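With TSV, C-alpha atoms and all ligand atoms inside, this is query-v8.tsv:
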```tsv
chain	number	residue	atom	x	y	z
A	245	MET	CA	0.00	0.00	0.00
A	246	THR	CA	1.37	3.43	-0.90
A	247	LEU	CA	1.38	6.48	1.33
A	248	THR	CA	-1.43	7.98	-0.73
A	249	ASP	CA	-3.61	4.88	-0.44
A	250	THR	CA	-3.16	4.80	3.31
A	251	TRP	CA	-4.07	8.45	3.55
A	252	LYS	CA	-7.17	8.16	1.37
A	253	ASP	CA	-8.46	5.10	3.20
A	254	ALA	CA	-8.02	6.53	6.64
A	255	TYR	CA	-8.90	10.18	6.21
A	256	PRO	CA	-12.14	11.05	4.41
A	257	VAL	CA	-12.91	14.69	3.76
A	258	VAL	CA	-15.21	16.20	6.37
A	259	LYS	CA	-18.59	17.63	5.37
A	260	MET	CA	-20.33	19.78	8.00
A	261	SER	CA	-19.96	21.36	11.41
A	262	THR	CA	-22.32	22.24	14.25
A	263	LEU	CA	-21.91	24.62	17.13
A	264	LYS	CA	-22.28	22.41	20.19
A	265	LEU	CA	-22.34	23.12	23.92
A	266	LEU	CA	-19.90	20.95	25.85
A	267	THR	CA	-21.28	20.63	29.37
A	268	ASP	CA	-19.26	19.30	32.29
A	269	LYS	CA	-20.51	17.36	35.32
A	270	GLY	CA	-21.00	20.61	37.27
A	271	GLY	CA	-23.29	21.97	34.56
A	272	ASN	CA	-20.75	24.48	33.18
A	273	SER	CA	-20.72	24.80	29.43
A	274	VAL	CA	-18.46	26.02	26.69
A	275	TYR	CA	-19.13	26.13	22.98
A	276	ALA	CA	-17.25	24.03	20.46
A	277	ASN	CA	-17.29	23.66	16.71
A	278	CYS	CA	-18.14	20.00	16.27
A	279	VAL	CA	-16.97	18.37	13.04
A	280	ASP	CA	-17.54	14.68	12.48
A	281	GLY	CA	-17.48	14.06	16.24
A	282	HIS	CA	-14.33	16.16	16.79
A	283	TYR	CA	-14.39	19.29	18.95
A	284	PHE	CA	-12.63	22.55	18.12
A	285	PRO	CA	-12.75	25.95	19.81
A	286	PRO	CA	-15.71	27.96	18.51
A	287	PHE	CA	-13.71	30.03	16.04
A	288	THR	CA	-15.83	32.08	13.65
A	289	LEU	CA	-14.33	32.35	10.18
A	290	ASP	CA	-15.61	33.79	6.93
A	291	VAL	CA	-16.40	30.27	5.80
A	292	GLU	CA	-18.35	27.56	7.62
A	293	TYR	CA	-15.94	25.64	9.89
A	294	ALA	CA	-16.15	22.26	8.17
A	295	THR	CA	-15.61	24.00	4.84
A	296	HIS	CA	-12.52	25.62	6.32
A	297	LEU	CA	-11.22	22.22	7.42
A	298	GLU	CA	-11.95	20.77	4.02
A	299	ASN	CA	-10.05	23.67	2.41
A	300	ILE	CA	-7.13	23.03	4.76
A	301	GLN	CA	-7.12	19.34	3.84
A	302	LYS	CA	-6.93	20.26	0.18
A	303	MET	CA	-4.48	23.16	0.47
A	304	HIS	CA	-1.28	23.25	-1.51
A	305	ILE	CA	1.74	22.23	0.53
A	306	ARG	CA	5.20	23.43	-0.48
A	307	ASP	CA	8.17	21.09	-0.40
A	308	ASP	CA	9.88	23.17	2.28
A	309	ASP	CA	6.85	23.55	4.56
A	310	VAL	CA	7.33	22.32	8.12
A	311	THR	CA	4.32	21.53	10.29
A	312	VAL	CA	4.38	21.56	14.09
A	313	VAL	CA	1.66	19.26	15.43
A	314	GLY	CA	0.65	18.46	19.00
A	315	TYR	CA	-2.32	18.25	21.31
A	316	ALA	CA	-3.04	21.71	22.73
A	317	LYS	CA	-0.72	22.92	25.51
A	318	SER	CA	2.13	20.58	24.60
A	319	GLY	CA	4.62	23.42	24.02
A	320	THR	CA	3.70	24.50	20.50
A	321	HIS	CA	4.62	28.19	20.91
A	322	TRP	CA	8.04	27.25	22.27
A	323	VAL	CA	9.01	24.71	19.64
A	324	TRP	CA	7.51	26.83	16.84
A	325	GLU	CA	9.78	29.75	17.76
A	326	VAL	CA	12.83	27.47	18.12
A	327	ALA	CA	12.19	25.93	14.71
A	328	GLY	CA	11.65	29.39	13.19
A	329	MET	CA	15.00	30.64	14.48
A	330	LEU	CA	16.76	27.52	13.24
A	331	LEU	CA	15.26	27.86	9.78
A	332	ALA	CA	16.06	31.57	9.59
A	333	GLY	CA	19.57	31.20	11.05
A	334	SER	CA	18.78	34.17	13.27
A	335	THR	CA	17.78	34.62	16.89
A	336	ASN	CA	15.50	37.50	16.03
A	337	TYR	CA	11.99	36.63	17.15
A	338	ILE	CA	9.55	35.88	14.39
A	339	ARG	CA	7.62	39.14	14.00
A	340	ASP	CA	4.30	37.43	13.67
A	341	ILE	CA	2.68	35.21	16.24
A	342	LYS	CA	2.37	31.44	15.88
A	343	GLU	CA	-1.33	31.89	15.24
A	344	SER	CA	-0.49	33.58	11.92
A	345	GLN	CA	0.21	30.06	10.61
A	346	PHE	CA	-2.31	28.17	12.75
A	347	LEU	CA	-4.36	25.86	10.55
A	348	GLU	CA	-7.42	26.02	12.79
A	349	VAL	CA	-7.99	29.72	12.13
A	350	LYS	CA	-6.00	30.83	9.10
A	351	GLU	CA	-7.80	30.57	5.84
A	352	VAL	CA	-5.98	29.07	2.89
A	353	ALA	CA	-5.62	32.39	1.05
A	354	ALA	CA	-3.74	33.85	4.03
A	355	LEU	CA	-1.54	30.76	4.30
A	356	ASP	CA	-0.85	30.88	0.56
A	357	ALA	CA	0.31	34.48	0.91
A	358	LEU	CA	3.03	33.60	3.45
A	359	THR	CA	6.63	33.55	2.31
A	360	SER	CA	8.59	30.32	2.49
A	361	PRO	CA	9.66	28.52	4.51
A	362	ARG	CA	6.32	28.28	6.26
A	363	LEU	CA	6.00	26.89	9.78
A	364	LEU	CA	2.44	25.68	9.85
A	365	ASN	CA	1.11	24.52	13.18
A	366	THR	CA	-1.95	22.79	14.53
A	367	HIS	CA	-3.52	20.86	17.38
A	368	MET	CA	-5.83	19.00	15.03
A	369	GLY	CA	-5.91	15.27	14.68
A	370	PHE	CA	-3.85	13.88	11.85
A	371	ARG	CA	-6.90	13.13	9.71
A	372	PHE	CA	-7.58	16.87	9.34
A	373	LEU	CA	-4.10	17.82	8.16
A	374	PRO	CA	-3.43	18.88	4.55
A	375	SER	CA	-3.19	15.62	2.64
A	376	GLU	CA	-0.22	16.90	0.64
A	377	ILE	CA	1.86	16.74	3.83
A	378	VAL	CA	1.61	13.00	3.36
A	379	THR	CA	1.88	12.78	-0.40
A	380	LYS	CA	4.80	15.21	-0.54
A	381	ARG	CA	6.34	13.84	2.64
A	382	THR	CA	7.09	17.22	4.14
A	383	LYS	CA	8.55	17.52	7.61
A	384	VAL	CA	6.42	17.22	10.72
A	385	ILE	CA	7.50	18.01	14.27
A	386	TYR	CA	5.28	16.15	16.72
A	387	LEU	CA	5.01	17.33	20.34
A	388	LEU	CA	4.27	15.18	23.34
A	389	ARG	CA	3.82	16.33	26.94
A	390	ASN	CA	2.80	14.62	30.16
A	391	PRO	CA	-1.02	14.64	29.85
A	392	LYS	CA	-1.38	15.58	33.51
A	393	ASP	CA	0.52	18.83	32.93
A	394	VAL	CA	-1.42	19.27	29.68
A	395	ALA	CA	-4.67	19.06	31.68
A	396	VAL	CA	-3.56	21.74	34.13
A	397	SER	CA	-2.32	23.97	31.34
A	398	LEU	CA	-5.51	23.54	29.30
A	399	TYR	CA	-7.64	24.27	32.37
A	400	HIS	CA	-5.90	27.61	32.80
A	401	HIS	CA	-6.24	28.25	29.10
A	402	VAL	CA	-9.98	27.66	28.93
A	403	THR	CA	-10.75	29.53	32.15
A	404	GLY	CA	-8.41	32.41	31.25
A	405	MET	CA	-9.75	33.22	27.83
A	406	ASN	CA	-11.91	36.23	27.26
A	407	PRO	CA	-12.48	36.82	23.58
A	408	GLY	CA	-16.27	36.62	23.71
A	409	GLU	CA	-19.21	34.81	25.16
A	410	LYS	CA	-18.73	31.59	23.21
A	411	PHE	CA	-15.28	31.02	24.70
A	412	VAL	CA	-16.17	31.51	28.35
A	413	TYR	CA	-15.83	28.48	30.63
A	414	ASN	CA	-16.18	28.79	34.40
A	415	GLY	CA	-15.95	25.22	35.66
A	416	THR	CA	-13.85	24.17	38.63
A	417	TRP	CA	-10.66	22.17	38.22
A	418	ASP	CA	-12.52	19.01	39.21
A	419	ASP	CA	-15.29	19.67	36.68
A	420	PHE	CA	-12.73	20.34	33.99
A	421	LEU	CA	-10.58	17.30	34.73
A	422	ASP	CA	-13.62	15.06	34.46
A	423	ALA	CA	-14.50	16.58	31.08
A	424	TYR	CA	-10.86	16.28	29.93
A	425	LEU	CA	-10.70	12.61	30.85
A	426	GLN	CA	-13.88	12.01	28.88
A	427	GLY	CA	-12.65	13.98	25.88
A	428	ASN	CA	-15.46	16.47	26.36
A	429	VAL	CA	-13.17	19.45	25.73
A	430	TRP	CA	-11.76	21.38	22.76
A	431	PHE	CA	-9.56	19.06	20.70
A	432	GLY	CA	-11.21	16.06	22.33
A	433	SER	CA	-9.55	13.29	24.27
A	434	TRP	CA	-5.79	13.54	24.74
A	435	PHE	CA	-5.72	9.72	24.64
A	436	ASP	CA	-7.58	9.49	21.33
A	437	SER	CA	-5.44	12.23	19.86
A	438	VAL	CA	-2.06	10.67	20.64
A	439	LEU	CA	-3.24	7.13	19.85
A	440	ALA	CA	-4.52	8.23	16.45
A	441	TRP	CA	-1.22	9.93	15.88
A	442	GLU	CA	0.73	6.80	16.85
A	443	LYS	CA	-1.38	4.69	14.50
A	444	THR	CA	-0.83	7.07	11.62
A	445	VAL	CA	2.90	7.37	12.06
A	446	THR	CA	3.23	3.62	12.39
A	447	ALA	CA	1.43	3.24	9.05
A	448	LEU	CA	3.14	6.15	7.28
A	449	THR	CA	6.72	5.17	7.94
A	450	GLU	CA	8.03	7.28	5.06
A	451	LEU	CA	6.72	10.52	6.53
A	452	PRO	CA	9.59	12.49	8.10
A	453	VAL	CA	8.48	13.03	11.70
A	454	LEU	CA	10.52	14.20	14.67
A	455	THR	CA	8.92	13.69	18.06
A	456	VAL	CA	9.85	16.27	20.69
A	457	HIS	CA	9.01	15.71	24.35
A	458	TYR	CA	8.31	18.84	26.38
A	459	GLU	CA	10.04	17.37	29.43
A	460	ALA	CA	13.16	16.48	27.42
A	461	MET	CA	13.29	20.02	26.02
A	462	LYS	CA	13.14	21.36	29.56
A	463	ALA	CA	15.78	18.95	30.88
A	464	ASP	CA	18.24	19.35	28.00
A	465	PRO	CA	17.20	22.15	25.68
A	466	LEU	CA	20.51	22.31	23.81
A	467	SER	CA	20.53	18.73	22.57
A	468	ASN	CA	16.88	19.01	21.59
A	469	VAL	CA	17.52	22.21	19.66
A	470	GLN	CA	20.40	20.39	17.95
A	471	ARG	CA	18.08	17.47	17.10
A	472	LEU	CA	15.64	19.94	15.59
A	473	SER	CA	18.43	21.61	13.63
A	474	GLU	CA	19.50	18.29	12.17
A	475	PHE	CA	15.94	17.24	11.38
A	476	LEU	CA	15.26	20.54	9.63
A	477	GLY	CA	18.43	20.03	7.59
A	478	VAL	CA	19.95	23.36	8.58
A	479	GLN	CA	22.92	22.09	10.63
A	480	ARG	CA	23.32	25.15	12.85
A	481	ASP	CA	26.45	24.98	15.05
A	482	SER	CA	26.24	24.42	18.78
A	483	GLU	CA	27.03	28.05	19.59
A	484	PHE	CA	24.05	29.18	17.54
A	485	CYS	CA	21.85	26.45	19.02
A	486	GLN	CA	22.79	27.65	22.51
A	487	GLU	CA	21.78	31.19	21.53
A	488	VAL	CA	18.43	29.81	20.37
A	489	VAL	CA	17.99	28.02	23.71
A	490	GLU	CA	18.53	31.28	25.55
A	491	ALA	CA	16.36	33.42	23.27
A	492	CYS	CA	13.55	30.87	23.62
A	493	SER	CA	13.69	30.48	27.40
A	494	PHE	CA	10.27	30.78	29.00
A	495	LYS	CA	11.05	34.25	30.39
A	496	LYS	CA	12.45	35.64	27.14
A	497	LEU	CA	9.64	34.27	24.98
A	498	LYS	CA	7.04	35.65	27.33
A	499	GLN	CA	8.66	39.08	27.11
A	500	ALA	CA	9.00	38.82	23.34
A	501	LYS	CA	5.33	38.04	22.99
A	502	ASP	CA	4.47	41.31	24.72
A	503	ASN	CA	7.30	43.50	23.44
A	504	VAL	CA	8.26	42.29	19.98
A	505	LYS	CA	5.35	40.64	18.26
A	506	GLY	CA	2.50	42.35	16.52
A	507	ASN	CA	-1.06	41.41	17.49
A	508	ASN	CA	-0.06	39.51	20.62
A	509	LEU	CA	-3.66	38.40	21.34
A	510	ARG	CA	-3.57	40.03	24.78
A	511	ASN	CA	-7.26	40.85	24.37
A	512	ALA	CA	-8.01	37.15	24.10
A	513	TRP	CA	-7.22	36.78	27.81
A	514	LYS	CA	-8.83	38.06	30.97
A	515	PRO	CA	-6.86	40.78	32.79
A	516	GLY	CA	-4.46	39.23	35.31
A	517	THR	CA	-4.11	35.90	33.48
A	518	GLU	CA	-0.83	34.72	32.04
A	519	GLY	CA	-2.00	33.92	28.53
A	520	PHE	CA	-0.04	31.42	26.48
A	521	TYR	CA	3.06	31.75	28.71
A	522	ARG	CA	1.75	30.71	32.11
A	523	LYS	CA	4.38	28.83	34.13
A	524	GLY	CA	6.44	26.74	31.74
A	525	GLU	CA	7.30	24.01	34.23
A	526	VAL	CA	7.34	20.26	34.43
A	527	GLY	CA	5.22	18.66	37.14
A	528	ASP	CA	2.82	21.50	37.98
A	529	TRP	CA	0.12	18.81	37.98
A	530	LYS	CA	1.25	17.85	41.49
A	531	ASN	CA	-0.11	21.20	42.70
A	532	TRP	CA	-3.53	20.43	41.21
A	533	PHE	CA	-4.34	16.71	41.20
A	534	THR	CA	-5.76	15.26	44.38
A	535	VAL	CA	-4.75	11.70	45.28
A	536	ALA	CA	-8.14	10.46	44.06
A	537	GLN	CA	-7.89	12.39	40.78
A	538	ASN	CA	-4.40	11.00	40.21
A	539	GLU	CA	-5.58	7.45	40.84
A	540	ARG	CA	-8.45	7.92	38.42
A	541	PHE	CA	-6.10	9.34	35.83
A	542	ASN	CA	-3.56	6.52	36.23
A	543	ALA	CA	-6.23	3.83	35.91
A	544	LEU	CA	-7.60	5.41	32.74
A	545	TYR	CA	-4.11	5.88	31.33
A	546	ALA	CA	-3.25	2.23	31.97
A	547	GLU	CA	-6.38	1.11	30.19
A	548	LYS	CA	-6.30	3.49	27.22
A	549	MET	CA	-2.58	3.23	26.57
A	550	LYS	CA	-2.19	-0.51	27.18
A	551	ASN	CA	-1.31	-1.26	23.56
A	552	SER	CA	0.64	1.92	22.92
A	553	LYS	CA	4.40	2.09	22.48
A	554	LEU	CA	4.50	5.86	22.91
A	555	THR	CA	6.88	7.09	25.56
A	556	ILE	CA	5.44	9.72	27.87
A	557	LEU	CA	7.88	11.35	30.27
A	558	PHE	CA	5.96	11.40	33.55
A	559	LYS	CA	7.57	13.48	36.26
A	601	LIG	P1	1.89	25.92	31.20
A	601	LIG	O1	0.47	26.34	31.11
A	601	LIG	O2	2.07	24.62	31.94
A	601	LIG	O3	2.78	26.99	31.73
A	601	LIG	P2	1.13	25.58	23.73
A	601	LIG	O4	2.12	26.53	23.19
A	601	LIG	O5	1.10	24.28	23.00
A	601	LIG	O6	-0.21	26.22	23.90
A	601	LIG	O7	1.63	25.18	25.19
A	601	LIG	C1	1.61	26.12	26.22
A	601	LIG	C2	2.44	25.62	27.37
A	601	LIG	O8	3.84	25.72	27.03
A	601	LIG	C3	2.23	26.48	28.61
A	601	LIG	O9	2.41	25.60	29.70
A	601	LIG	C4	3.37	27.48	28.45
A	601	LIG	O10	3.69	28.17	29.63
A	601	LIG	C5	4.48	26.55	28.00
A	601	LIG	N1	5.60	27.26	27.38
A	601	LIG	C6	5.56	28.25	26.48
A	601	LIG	N2	6.80	28.67	26.20
A	601	LIG	C7	7.64	27.93	26.92
A	601	LIG	C8	9.07	27.90	27.06
A	601	LIG	N3	9.86	28.75	26.40
A	601	LIG	N4	9.61	27.00	27.90
A	601	LIG	C9	8.81	26.16	28.59
A	601	LIG	N5	7.46	26.13	28.52
A	601	LIG	C10	6.88	27.01	27.69
```
Spit out the file's structure as structure tokens when you get a sec.
Ligand code: A3P
Amino acid sequence: MTLTDTWKDAYPVVKMSTLKLLTDKGGNSVYANCVDGHYFPPFTLDVEYATHLENIQKMHIRDDDVTVVGYAKSGTHWVWEVAGMLLAGSTNYIRDIKESQFLEVKEVAALDALTSPRLLNTHMGFRFLPSEIVTKRTKVIYLLRNPKDVAVSLYHHVTGMNPGEKFVYNGTWDDFLDAYLQGNVWFGSWFDSVLAWEKTVTALTELPVLTVHYEAMKADPLSNVQRLSEFLGVQRDSEFCQEVVEACSFKKLKQAKDNVKGNNLRNAWKPGTEGFYRKGEVGDWKNWFTVAQNERFNALYAEKMKNSKLTILFK
């Protein structure tokens, strides 16, 4: 079976979306665009959301496009900026924000207008990605993060946002965690997302994919930046890679977001919240999970991931 056959069999084009209320066990709701059983934030675009996704699936991919993919809150902003500096050979921050190349919200015309090399990025499941990524075998950077820290980070994200009524969610941490474990949140179940990814990559062995673990980046940023440099085929020297590590530290990136970048989406967040750059640490989940919540999580993880060979760096 060829790459194209595998793609066509597994990933039909989507047809329609509905605006759905996701309601947690405490009765708190948040809207989601629901497409073929998959939940996305309730973005409003000029085109109907499923049409947008269909356009994205069919968009033209350039040979030098790189796509950063990961479940939400896995460190996308960080790795996107690192990869951008490596590609550019400069530690100047990318003037635009990551969201300028975010497949969930950028329409194809805007993506087509970007200069190469593009650094597309998404939290969508693999089935929604542009199919030419597969047929042209362009590079994909896949991000994985401890799903307990992802849960905490996503909770702060959904309760911190303020861009309009449809995005407001006021549940407690316990309400949210329950919804997260059931996949009743934007981007759906973390388990389903990473398992679908694993299945795809196992089938599409010719697709160039580099997996980056958030915890490994934190523990040894230099060697991970060097891995990225090699994968991207730019072979930056270790002195440059070290400069990238420093420029992309949590503190510096947070400052750059506010001081350097245009349209920093500050209005998307409630006053007093940290936005996309909250804490940037490994193991914050220990400050949030109760013993009972942790036991519930571990039992579900053991069951859902029993056949998976994915490595998750729990700390
Ligand atoms: P926390 O909420 O745990 O702090 P994404 O970019 O995929 O939305 O992921 C956001 C998470 O990555 C947030 O996690 C954010 O603080 C963290 N992050 C962003 N930049 C970082 C950096 N330079 N170093 C470490 N973590 C970073």
List all protein, DNA and RNA residues that have an atom no more than 8 Å from any atom of ligand LIG 601 (chain A), counting all atoms listed in the file, and report them as an mmCIF file with C-alpha atoms, in the frame of the given file.
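Okay, result32.cif is ready:
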```cif
data_model
loop_
_atom_site.group_PDB
_atom_site.id
_atom_site.type_symbol
_atom_site.label_atom_id
_atom_site.label_comp_id
_atom_site.auth_asym_id
_atom_site.auth_seq_id
_atom_site.Cartn_x
_atom_site.Cartn_y
_atom_site.Cartn_z
ATOM 1 C CA GLY A 314 0.650 18.460 19.000
ATOM 2 C CA TYR A 315 -2.320 18.250 21.310
ATOM 3 C CA ALA A 316 -3.040 21.710 22.730
ATOM 4 C CA LYS A 317 -0.720 22.920 25.510
ATOM 5 C CA SER A 318 2.130 20.580 24.600
ATOM 6 C CA GLY A 319 4.620 23.420 24.020
ATOM 7 C CA THR A 320 3.700 24.500 20.500
ATOM 8 C CA HIS A 321 4.620 28.190 20.910
ATOM 9 C CA TRP A 322 8.040 27.250 22.270
ATOM 10 C CA VAL A 323 9.010 24.710 19.640
ATOM 11 C CA ASP A 393 0.520 18.830 32.930
ATOM 12 C CA VAL A 394 -1.420 19.270 29.680
ATOM 13 C CA VAL A 396 -3.560 21.740 34.130
ATOM 14 C CA SER A 397 -2.320 23.970 31.340
ATOM 15 C CA LEU A 398 -5.510 23.540 29.300
ATOM 16 C CA HIS A 400 -5.900 27.610 32.800
ATOM 17 C CA HIS A 401 -6.240 28.250 29.100
ATOM 18 C CA TYR A 458 8.310 18.840 26.380
ATOM 19 C CA LYS A 462 13.140 21.360 29.560
ATOM 20 C CA CYS A 492 13.550 30.870 23.620
ATOM 21 C CA SER A 493 13.690 30.480 27.400
ATOM 22 C CA PHE A 494 10.270 30.780 29.000
ATOM 23 C CA LYS A 495 11.050 34.250 30.390
ATOM 24 C CA LYS A 496 12.450 35.640 27.140
ATOM 25 C CA LEU A 497 9.640 34.270 24.980
ATOM 26 C CA LYS A 498 7.040 35.650 27.330
ATOM 27 C CA PHE A 520 -0.040 31.420 26.480
ATOM 28 C CA TYR A 521 3.060 31.750 28.710
ATOM 29 C CA ARG A 522 1.750 30.710 32.110
ATOM 30 C CA LYS A 523 4.380 28.830 34.130
ATOM 31 C CA GLY A 524 6.440 26.740 31.740
ATOM 32 C CA GLU A 525 7.300 24.010 34.230
ATOM 33 C CA VAL A 526 7.340 20.260 34.430
ATOM 34 C CA ASP A 528 2.820 21.500 37.980
#
```
Distance in Å - CA of Glu490 in chain A versus CA of Gly328 in chain A: 14.3 Å
Take every atom of range 412-426 of chain A listed in the file, fit an axis-aligned box around them, add 4 Å per side, and give the centre and edge lengths in Å to one decimal as lines of an AutoDock Vina configuration file.
```
center_x = -13.4
center_y = 21.8
center_z = 33.8
size_x = 13.6
size_y = 27.5
size_z = 18.9
```
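Minimum atom-to-atom distances from A:Ala463, A:Leu509, A:Val488, A:Ala327 to Met405 in chain A were compared using all atoms listed in the file, and the lowest value belongs to A:Leu509.
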For Asp436 in chain A, the nearest of the candidates A:Glu348, A:Ile341, A:Lys505, A:Met549, counting all atoms listed in the file: A:Met549
Skip Met303 in chain A itself and residues of its chain fewer than 3 positions away, then list as a ChimeraX atom specification all residues within 8 Å of it, counting only C-alpha atoms. /A:299-300,352,374-376
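In terms of minimum interatomic distance to Met461 in chain A, A:Leu387 ranks closest within A:Ala440, A:Leu387, A:Leu347, A:Val504, counting all atoms listed in the file.
The space between CA of Leu454 in chain A and CA of Val384 in chain A spans 6.4 Å.
The residue that comes closest to Pro452 in chain A, out of A:Asn428, A:Thr379, A:Thr288, A:Asn503 and on the basis of all atoms listed in the file, is A:Thr379.
Pairwise distance (CA of Ala536 in chain A, CA of Gln426 in chain A) equals 16.3 Å.
Ranking A:Thr359, A:Gln470, A:Asn365, A:Gln499 by their shortest atom-to-atom distance to Gln345 in chain A, with all atoms listed in the file included, puts A:Asn365 first.
Shortest separation to Leu554 in chain A among A:Arg510, A:Leu448, A:Ala491, A:Leu439 occurs at residue A:Leu439, atoms counted being all atoms listed in the file.
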Please, could N, CA, C and O atoms be added to range 452-464 of chain A and the result written as a PDB file, in the coordinates of the input?
```
ATOM      1  N   PRO A 452       8.538  12.053   7.178  1.00  0.00           N
ATOM      2  CA  PRO A 452       9.590  12.490   8.100  1.00  0.00           C
ATOM      3  C   PRO A 452       9.003  13.185   9.334  1.00  0.00           C
ATOM      4  O   PRO A 452       8.468  14.289   9.229  1.00  0.00           O
ATOM      5  N   VAL A 453       9.075  12.507  10.466  1.00  0.00           N
ATOM      6  CA  VAL A 453       8.480  13.030  11.700  1.00  0.00           C
ATOM      7  C   VAL A 453       9.545  13.039  12.795  1.00  0.00           C
ATOM      8  O   VAL A 453      10.238  12.046  12.991  1.00  0.00           O
ATOM      9  N   LEU A 454       9.658  14.148  13.483  1.00  0.00           N
ATOM     10  CA  LEU A 454      10.520  14.200  14.670  1.00  0.00           C
ATOM     11  C   LEU A 454       9.629  14.425  15.880  1.00  0.00           C
ATOM     12  O   LEU A 454       8.883  15.402  15.929  1.00  0.00           O
ATOM     13  N   THR A 455       9.698  13.512  16.840  1.00  0.00           N
ATOM     14  CA  THR A 455       8.920  13.690  18.060  1.00  0.00           C
ATOM     15  C   THR A 455       9.756  14.438  19.093  1.00  0.00           C
ATOM     16  O   THR A 455      10.908  14.074  19.349  1.00  0.00           O
ATOM     17  N   VAL A 456       9.164  15.473  19.659  1.00  0.00           N
ATOM     18  CA  VAL A 456       9.850  16.270  20.690  1.00  0.00           C
ATOM     19  C   VAL A 456       9.024  16.186  21.968  1.00  0.00           C
ATOM     20  O   VAL A 456       7.829  16.480  21.961  1.00  0.00           O
ATOM     21  N   HIS A 457       9.677  15.788  23.046  1.00  0.00           N
ATOM     22  CA  HIS A 457       9.010  15.710  24.350  1.00  0.00           C
ATOM     23  C   HIS A 457       9.270  17.006  25.122  1.00  0.00           C
ATOM     24  O   HIS A 457      10.436  17.410  25.281  1.00  0.00           O
ATOM     25  N   TYR A 458       8.200  17.589  25.617  1.00  0.00           N
ATOM     26  CA  TYR A 458       8.310  18.840  26.380  1.00  0.00           C
ATOM     27  C   TYR A 458       9.315  18.682  27.529  1.00  0.00           C
ATOM     28  O   TYR A 458      10.190  19.528  27.739  1.00  0.00           O
ATOM     29  N   GLU A 459       9.196  17.570  28.249  1.00  0.00           N
ATOM     30  CA  GLU A 459      10.040  17.370  29.430  1.00  0.00           C
ATOM     31  C   GLU A 459      11.511  17.244  29.052  1.00  0.00           C
ATOM     32  O   GLU A 459      12.401  17.698  29.775  1.00  0.00           O
ATOM     33  N   ALA A 460      11.769  16.627  27.884  1.00  0.00           N
ATOM     34  CA  ALA A 460      13.160  16.480  27.420  1.00  0.00           C
ATOM     35  C   ALA A 460      13.716  17.841  27.014  1.00  0.00           C
ATOM     36  O   ALA A 460      14.877  18.157  27.268  1.00  0.00           O
ATOM     37  N   MET A 461      12.864  18.661  26.391  1.00  0.00           N
ATOM     38  CA  MET A 461      13.290  20.020  26.020  1.00  0.00           C
ATOM     39  C   MET A 461      13.652  20.815  27.264  1.00  0.00           C
ATOM     40  O   MET A 461      14.592  21.605  27.261  1.00  0.00           O
ATOM     41  N   LYS A 462      12.870  20.630  28.319  1.00  0.00           N
ATOM     42  CA  LYS A 462      13.140  21.360  29.560  1.00  0.00           C
ATOM     43  C   LYS A 462      14.445  20.867  30.191  1.00  0.00           C
ATOM     44  O   LYS A 462      15.247  21.659  30.666  1.00  0.00           O
ATOM     45  N   ALA A 463      14.629  19.533  30.191  1.00  0.00           N
ATOM     46  CA  ALA A 463      15.780  18.950  30.880  1.00  0.00           C
ATOM     47  C   ALA A 463      17.080  19.227  30.118  1.00  0.00           C
ATOM     48  O   ALA A 463      18.118  19.456  30.724  1.00  0.00           O
ATOM     49  N   ASP A 464      17.022  19.188  28.808  1.00  0.00           N
ATOM     50  CA  ASP A 464      18.240  19.350  28.000  1.00  0.00           C
ATOM     51  C   ASP A 464      17.881  20.110  26.717  1.00  0.00           C
ATOM     52  O   ASP A 464      17.816  19.525  25.637  1.00  0.00           O
TER      53      ASP A 464
END
```
